[in-house]
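Heads up: the structure comes next, in structure tokens.
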2 protein chains.
Amino acid sequence: MSTSPGRRRGPSKGDRRERAILETARELLARKPLADITIDELAAGAEISRSSFYFYFDSKLSVLVALLHGMAGELGRDAGPWLDGAGPDAAALREALTPLARLWREHGRMLAGALAAAPGCPPLAQWREELRSAHVDRLAMRISRDRAAGLAPDGPAPRVLARLIDDLRTAALAGSADPEALVDDLVTVELRMIYADFADRHPAG
Amino acid sequence: MSTSPGRRRGPSKGDRRERAILETARELLARKPLADITIDELAAGAEISRSSFYFYFDSKLSVLVALLHGMAGELGRDAGPWLDGAGPDAAALREALTPLARLWREHGRMLAGALAAAPGCPPLAQWREELRSAHVDRLAMRISRDRAAGLAPDGPAPRVLARLIDDLRTAALAGSADPEALVDDLVTVELRMIYADFADRHPAG
DNA sequence: GTGGTTTCTCGACAGTACGTCGAAAAACTC
DNA sequence: GAGTTTTTCGACGTACTGTCGAGAAACCAC
């Protein structure tokens with residue numbers, strides 16, 4: 001259901017077509033949601049007929065999923081130092097959030113569309129779930145460590161808190177027209193959610 | 001685009017049909033997203049033909065909007081004491097969140113579906129925006145008051161912070177299978193976002 | 001370059017859902 | 001019980017989806 005039923009191994013002409021479809025999809029998704037995109041448009045963008053499209057993907061959803069998997073790596077990168085660190089390290093958190101916000105600025109419509117369509121569409125839901133748990137698992141461990149070390153106060157169960165932070169971050173980035181402008185405020189707020197009494201100057205001020 | 005093109009004033013048979021459509025929609029929306037519901041189903045539920053449906057509503061979206069407007073009042077109720085109060089009043093906040101969580105438990109699928117469909121659908125987007133600003137405006141004023149009174153530390157601009165809290169609350173309630181179990185944690189976390197160093201026992205513990 | 005295999009392309013078809021139109025049945029009014 | 005308004009529905013046109021099978025094009029020997 002997710003990839004192509006046809007092709008085998010050649011690095012040939014079909015590859016260019018597949019890329020063209022993906023590229024067209026990327027462009028269209030930057031302008032309108034998946035539901036408003038027809039397979040005709042995708043096919044036209046790649047200069048093939050509508051039926052030929054089905055040789056490469058078995059639905060427009062598969063195209064979106066392919067696009068999304070191509071970004072999976074980027075979304076998690078740069079989060080390491082913050083997630084593996086300890087204590088209210090605003091700088092590390094900002095280093096994690098800045099590239100993420102940039103990604104949301106560039107691909108926000110696509111990501112937001114995918115997120116919105118996820119419930120009610122198993123392959124997208126799974127992608128979203130993997131992404132989420134990749135973040136939540138590590139963040140929950142970090143919270144546990146900090147609490148054990150006396151660096152963070154008690155509060156909601158680590159996994160629950162981590163999930164709330166992930167929800168907040170995603171909703172905020174998805175809803176903002178200028179995600180990068182949100183980074184400093186997100187840093188402040190995420191730290192407060194975990195540390196509450198963290199030395200509390202607004203990072204930008 | 002939003003209400004019926006037909007009916008005038010009679011409180012008659014057509015009214016029962018309209019109710020029946022709404023009721024059917026409510027039931028179906030509790031099980032699957034709007035996109036998976038056909039006008040046939042809605043019409044069948046109200047025991048009329050598909051074409052007759054169009055006498056009452058001009059699309060299934062209009063049905064959802066009507067349903068949503070019917071709930072607009074409920075969603076904001078009970079928030080008064082918290083929004084008009086001052087300081088880290090966990091009890092008042094919990095009083096606001098508890099009925100809200102109950103509403104999300106009962107109508108979660110419908111609300112989540114509407115929220116997800118909102119971008120890319122003007123009437124839903126407007127509903128979401130009204131709902132949001134009703135909350136954000138008042139909460140932002142509350143934050144400003146508390147800061148002026150020295151009850152809350154400085155931080156993100158009040159409107160931005162209020163918006164983040166609204167995003168968090170909505171995303172958390174929408175994503176949870178058991179919203180009511182989240183109330184205490186949301187109380188803790190929202191208070192931390194605003195007050196940071198609020199006396200910090202987990203409300204439930 | 002010829003024959004065989006794989007890769008790729010497309011037109012034709014069938015299915016589903018949407019929304020509109022106009023004729024007419026049902027209900028209500030006096 | 002004639003006239004008006006409300007309500008119903010079948011027929012129609014349109015848009016999009018996904019499948020099938022015939023065949024063109026590219027590739028690979030030899």
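For the structure tokens, the naming scheme is as follows: chains receive sequential letters (A, B, ...) according to their order of presentation, residues are indexed from 1 within each chain, and ligands are indexed from 1 in presentation order.
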Chain A residues near chain C (7 Å cut-off, only C-alpha atoms (C1' of nucleotides)) as JSON, numbers by chain: {"A": [49, 51, 52]}
Tell me as a PyMOL selection string which residues belonging to chain D come within 10 Å of chain B, counting only C-alpha atoms (C1' of nucleotides). chain D and resi 5-10
Residues near Trp127 in chain A, cut-off 10 Å, only C-alpha atoms (C1' of nucleotides), skip fewer than 5 positions along chain, as a PyMOL selection string: chain A and resi 65+68-69+72+114-115+118+122+132
So that I can see what lies close to Ala86 in chain A, please list as an mmCIF file with N, CA and C atoms, in the first residue's frame the residues with an atom at most 12 Å from it, counting only C-alpha atoms (C1' of nucleotides) and leaving out residues fewer than 3 positions away in the same chain.
data_model
loop_
_atom_site.group_PDB
_atom_site.id
_atom_site.type_symbol
_atom_site.label_atom_id
_atom_site.label_comp_id
_atom_site.auth_asym_id
_atom_site.auth_seq_id
_atom_site.Cartn_x
_atom_site.Cartn_y
_atom_site.Cartn_z
ATOM 1 N N GLY A 80 19.507 15.930 19.640
ATOM 2 C CA GLY A 80 20.358 15.130 20.506
ATOM 3 C C GLY A 80 20.900 15.846 21.732
ATOM 4 N N PRO A 81 21.660 16.912 21.553
ATOM 5 C CA PRO A 81 22.267 17.585 22.708
ATOM 6 C C PRO A 81 21.254 17.940 23.799
ATOM 7 N N TRP A 82 20.111 18.458 23.381
ATOM 8 C CA TRP A 82 19.085 18.777 24.381
ATOM 9 C C TRP A 82 18.536 17.520 25.035
ATOM 10 N N LEU A 83 18.173 16.538 24.251
ATOM 11 C CA LEU A 83 17.529 15.350 24.812
ATOM 12 C C LEU A 83 18.480 14.503 25.653
ATOM 13 N N ASP A 89 18.707 23.615 30.306
ATOM 14 C CA ASP A 89 19.719 24.132 29.389
ATOM 15 C C ASP A 89 19.045 24.836 28.201
ATOM 16 N N ALA A 90 18.755 26.106 28.399
ATOM 17 C CA ALA A 90 18.008 26.868 27.387
ATOM 18 C C ALA A 90 18.724 26.883 26.041
ATOM 19 N N ALA A 91 20.051 26.988 26.086
ATOM 20 C CA ALA A 91 20.795 27.060 24.825
ATOM 21 C C ALA A 91 20.618 25.785 24.009
ATOM 22 N N ALA A 92 20.731 24.653 24.674
ATOM 23 C CA ALA A 92 20.589 23.382 23.955
ATOM 24 C C ALA A 92 19.177 23.226 23.399
ATOM 25 N N LEU A 93 18.207 23.629 24.189
ATOM 26 C CA LEU A 93 16.827 23.523 23.713
ATOM 27 C C LEU A 93 16.615 24.425 22.501
ATOM 28 N N LEU A 139 12.432 12.317 25.623
ATOM 29 C CA LEU A 139 12.179 13.440 26.530
ATOM 30 C C LEU A 139 11.707 12.949 27.895
ATOM 31 N N MET A 141 12.534 10.199 29.312
ATOM 32 C CA MET A 141 13.708 9.709 30.039
ATOM 33 C C MET A 141 14.514 10.871 30.619
ATOM 34 N N ARG A 142 14.635 11.898 29.833
ATOM 35 C CA ARG A 142 15.364 13.064 30.311
ATOM 36 C C ARG A 142 14.698 13.641 31.553
ATOM 37 N N ILE A 143 13.390 13.739 31.524
ATOM 38 C CA ILE A 143 12.658 14.293 32.665
ATOM 39 C C ILE A 143 12.877 13.411 33.899
ATOM 40 N N SER A 144 12.783 12.105 33.705
ATOM 41 C CA SER A 144 13.014 11.190 34.827
ATOM 42 C C SER A 144 14.406 11.398 35.411
ATOM 43 N N ARG A 145 15.396 11.462 34.541
ATOM 44 C CA ARG A 145 16.777 11.656 35.020
ATOM 45 C C ARG A 145 16.898 12.938 35.842
ATOM 46 N N ASP A 146 16.336 14.018 35.289
ATOM 47 C CA ASP A 146 16.449 15.300 35.987
ATOM 48 C C ASP A 146 15.747 15.282 37.338
ATOM 49 N N ARG A 147 14.615 14.600 37.382
ATOM 50 C CA ARG A 147 13.917 14.528 38.672
ATOM 51 C C ARG A 147 14.733 13.719 39.676
ATOM 52 N N ALA A 148 15.266 12.608 39.200
ATOM 53 C CA ALA A 148 16.064 11.768 40.087
ATOM 54 C C ALA A 148 17.272 12.531 40.606
ATOM 55 N N ALA A 149 17.795 13.404 39.754
ATOM 56 C CA ALA A 149 18.987 14.164 40.141
ATOM 57 C C ALA A 149 18.637 15.429 40.924
ATOM 58 N N GLY A 150 17.345 15.619 41.184
ATOM 59 C CA GLY A 150 16.936 16.807 41.917
ATOM 60 C C GLY A 150 17.004 18.094 41.103
ATOM 61 N N LEU A 151 17.123 17.945 39.795
ATOM 62 C CA LEU A 151 17.202 19.139 38.942
ATOM 63 C C LEU A 151 15.828 19.656 38.533
ATOM 64 N N ALA A 152 14.835 18.785 38.615
ATOM 65 C CA ALA A 152 13.482 19.188 38.216
ATOM 66 C C ALA A 152 12.499 18.779 39.295
ATOM 67 N N LEU A 191 10.656 24.916 29.126
ATOM 68 C CA LEU A 191 11.453 24.820 30.349
ATOM 69 C C LEU A 191 10.583 25.000 31.587
ATOM 70 N N ILE A 194 8.737 21.866 32.514
ATOM 71 C CA ILE A 194 9.540 20.828 33.162
ATOM 72 C C ILE A 194 10.107 21.275 34.503
ATOM 73 N N TYR A 195 10.618 22.513 34.530
ATOM 74 C CA TYR A 195 11.379 22.946 35.711
ATOM 75 C C TYR A 195 10.639 23.914 36.615
#
Kindly provide, as a VMD selection string, the residues of chain B having any atom no farther than 7 Å from an atom of chain A, counting only C-alpha atoms. chain B and resid 33 116 to 117 120 155 to 156 164 167 to 168 171 to 172 185 189 192 to 193 196 to 197 201 to 202
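The spacing separating CA of Leu67 in chain B from CA of Glu23 in chain B amounts to 9.0 Å.
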Assign secondary structure with DSSP using the backbone only, and return the residues of range 144-192 of chain B in alpha helix (DSSP H) as a ChimeraX atom specification. /B:144-148,158-175,183-192
Write to file, as a compact mmCIF listing (two decimals), in the first residue's frame, the residues of the selection just made, with N, CA and C atoms.
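Result file again12.txt:
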# COMPACT_ATOMS: atom_id res chain seq x y z
N SER B 144 -1.78 39.61 31.81
CA SER B 144 -1.31 40.99 31.96
C SER B 144 -1.60 41.51 33.37
N ARG B 145 -2.81 41.28 33.81
CA ARG B 145 -3.19 41.74 35.16
C ARG B 145 -2.28 41.14 36.22
N ASP B 146 -2.08 39.82 36.12
CA ASP B 146 -1.25 39.15 37.13
C ASP B 146 0.19 39.66 37.11
N ARG B 147 0.67 39.91 35.92
CA ARG B 147 2.05 40.43 35.86
C ARG B 147 2.13 41.82 36.47
N ALA B 148 1.15 42.64 36.15
CA ALA B 148 1.14 44.00 36.69
C ALA B 148 1.05 43.96 38.21
N PRO B 158 1.85 38.40 26.58
CA PRO B 158 0.64 37.75 27.08
C PRO B 158 -0.19 37.07 26.01
N ARG B 159 -0.38 37.74 24.90
CA ARG B 159 -1.19 37.10 23.84
C ARG B 159 -0.52 35.85 23.29
N VAL B 160 0.78 35.90 23.16
CA VAL B 160 1.50 34.74 22.64
C VAL B 160 1.40 33.58 23.63
N LEU B 161 1.64 33.89 24.89
CA LEU B 161 1.56 32.85 25.91
C LEU B 161 0.15 32.27 25.98
N ALA B 162 -0.83 33.15 25.92
CA ALA B 162 -2.22 32.68 25.96
C ALA B 162 -2.51 31.76 24.78
N ARG B 163 -2.00 32.13 23.66
CA ARG B 163 -2.19 31.32 22.47
C ARG B 163 -1.52 29.95 22.62
N LEU B 164 -0.32 29.94 23.19
CA LEU B 164 0.36 28.67 23.40
C LEU B 164 -0.44 27.78 24.36
N ILE B 165 -0.99 28.39 25.38
CA ILE B 165 -1.78 27.61 26.33
C ILE B 165 -3.02 27.05 25.65
N ASP B 166 -3.64 27.87 24.84
CA ASP B 166 -4.82 27.39 24.12
C ASP B 166 -4.45 26.25 23.17
N ASP B 167 -3.35 26.41 22.47
CA ASP B 167 -2.90 25.35 21.56
C ASP B 167 -2.65 24.06 22.32
N LEU B 168 -1.94 24.19 23.42
CA LEU B 168 -1.62 23.00 24.22
C LEU B 168 -2.89 22.31 24.68
N ARG B 169 -3.78 23.09 25.25
CA ARG B 169 -5.01 22.54 25.79
C ARG B 169 -5.78 21.81 24.71
N THR B 170 -5.94 22.45 23.58
CA THR B 170 -6.72 21.85 22.50
C THR B 170 -6.05 20.60 21.95
N ALA B 171 -4.76 20.69 21.72
CA ALA B 171 -4.06 19.53 21.17
C ALA B 171 -4.12 18.37 22.14
N ALA B 172 -3.94 18.65 23.41
CA ALA B 172 -3.93 17.59 24.41
C ALA B 172 -5.30 16.93 24.52
N LEU B 173 -6.33 17.75 24.60
CA LEU B 173 -7.68 17.19 24.71
C LEU B 173 -8.06 16.43 23.45
N ALA B 174 -7.66 16.97 22.31
CA ALA B 174 -8.01 16.32 21.04
C ALA B 174 -7.29 14.99 20.88
N GLY B 175 -6.09 14.91 21.42
CA GLY B 175 -5.28 13.72 21.19
C GLY B 175 -5.49 12.62 22.20
N VAL B 183 -6.95 16.28 33.19
CA VAL B 183 -7.25 17.57 33.78
C VAL B 183 -6.20 18.02 34.79
N ASP B 184 -5.89 17.16 35.74
CA ASP B 184 -4.95 17.57 36.78
C ASP B 184 -3.59 17.96 36.20
N ASP B 185 -3.14 17.19 35.24
CA ASP B 185 -1.85 17.48 34.64
C ASP B 185 -1.90 18.78 33.84
N LEU B 186 -3.01 19.00 33.17
CA LEU B 186 -3.14 20.26 32.43
C LEU B 186 -3.14 21.44 33.40
N VAL B 187 -3.80 21.28 34.52
CA VAL B 187 -3.80 22.35 35.52
C VAL B 187 -2.36 22.68 35.92
N THR B 188 -1.63 21.66 36.30
CA THR B 188 -0.24 21.87 36.71
C THR B 188 0.55 22.60 35.63
N VAL B 189 0.41 22.10 34.42
CA VAL B 189 1.25 22.60 33.34
C VAL B 189 0.85 24.01 32.91
N GLU B 190 -0.43 24.27 32.84
CA GLU B 190 -0.84 25.63 32.47
C GLU B 190 -0.38 26.64 33.52
N LEU B 191 -0.50 26.24 34.77
CA LEU B 191 -0.06 27.15 35.83
C LEU B 191 1.44 27.40 35.74
N ARG B 192 2.19 26.35 35.47
CA ARG B 192 3.63 26.53 35.33
C ARG B 192 3.96 27.45 34.17
How many Å lie between CA of Ser62 in chain A and CA of Arg31 in chain A, rounded to one decimal?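 About the pair CA of Ser62 in chain A and CA of Arg31 in chain A: they are 18.6 Å apart.
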Atom pair CA of Glu74 in chain A + CA of Ala25 in chain A, distance 18.8 Å
